[in-house]
Amino acid sequence: MKNINQYNFDIIHVATHLRDTLEYVLPREHDAKIFEQRKGVLTKGLEVETPLGKFLEANKDKFEDFMTRYHELLDDVYGDESTILVKTNDGKIRVDHSQHLRIYELVVNLMEPLRDIIYFHVGLARKQHENEAVIEDLMPVDDRHYRLFLYLLLMQDFQKSFFEFQKVMGENKGQPSPQSNFIVQNELSKYAELLRFVRSHNRCTDNETLDALDKCLQVVEMSEGKRDRRDNKNFPDLFKEALDNVNALVQKNGPKWQELFNRALQEMLADIRKNAPQQA
């Protein structure tokens, strides 16, 4: 792997751990060792001797806001004083599931500029005729995997909030209340904003992915009263169809991403071993 692609893959590696931070919204056990690995990679990513750290140091004026948000992620999610993730005495991570939105906002607002940095280096490699299939093949699959996985999680939380909103409205005989307004303003509108933001910044061109994302957004619009429900289906069925569609693509795309990522990782590690000083 050529130097510029090694450099870029190191940044992709950081982005992978940023994406995997989303896993903490899942209702399952989370291991403290994996938490420490993610924290280590994300923390090291800012050090000036690393590819990402060097780039940010050289472009600090343009990425001041990015750096601020990055430190917020490290403090709010991975920091010792975090209220979102807390290490327990049995080697697990306890998640405050009432703070999913904070995790989404931190990851999404970092991921797009980080992906711009990655694609900047992909473009530079192409311009210098140093691009390689190992990175070129990975990038479109990586973008799909991130957006589909994020949509799966965001739509599940949107659905949960929407059904709670419907319950509250039903209890209040269809009239808005402080509680229903709170759900709309502090949950539903923010989830919808993130879903639209992620769709608008995607780099995917395949119809399968784009149709899945758009189907989710159509259900969001139906829940907002901006679009009629198709075939007058009820909301549980509409959400199920959209989520099943996205989940099927996550299951299909995930192994392909893992294969391509591992191929790039092994190629980079082989180059590092090859170029390492030989022991006497």
# chains A, B, ... in the order shown; residues from 1 in each chain; ligands from 1
>>> closest_atom_pairs(of="region 181-270 of chain A", to="region 8-15 of chain A", cutoff="10 Å", atoms="only C-alpha atoms", output="CSV")
residue,atom,partner,partner_atom,distance
A:Phe261,CA,A:His13,CA,8.9
A:Ala264,CA,A:Phe9,CA,7.6
A:Leu265,CA,A:Phe9,CA,7.9
A:Met268,CA,A:Phe9,CA,8.2
>>> residues_around(residues="Phe165 (chain A)", least_positions_apart="6", cutoff="9 Å", atoms="only C-alpha atoms", output="VMD selection string")
chain A and resid 179 to 181 183 to 184 188
>>> write_last_selection(atoms="C-alpha atoms", output="PDB file, in the first residue's frame")
ATOM      1  CA  GLN A 179     -45.644  16.362  27.427  1.00  0.00           C
ATOM      2  CA  SER A 180     -46.535  15.807  23.760  1.00  0.00           C
ATOM      3  CA  ASN A 181     -44.903  19.109  22.804  1.00  0.00           C
ATOM      4  CA  ILE A 183     -41.555  14.824  22.706  1.00  0.00           C
ATOM      5  CA  VAL A 184     -41.975  16.649  19.394  1.00  0.00           C
ATOM      6  CA  LEU A 188     -38.902  13.661  17.153  1.00  0.00           C
TER       7      LEU A 188
END
>>> select_by_dssp(residues="region 178-262 of chain A", states="helix (DSSP H, G or I)", output="count of residues only")
71
>>> residues_around(residues="region 102-115 of chain A", least_positions_apart="3", cutoff="10 Å", atoms="only C-alpha atoms", output="NGL selection string")
:A and (11-12 or 14-16 or 18-25 or 52 or 63 or 65-70 or 72-74 or 76-77 or 84 or 97-99 or 118-121 or 139 or 143 or 146-147 or 150 or 153-154 or 190-191 or 194-195 or 197-198 or 201-203)
>>> closest_residue(among="A:Met155, A:Val250, A:Val86, A:Ile4", to="Ala32 (chain A)", atoms="only C-alpha atoms")
A:Val86
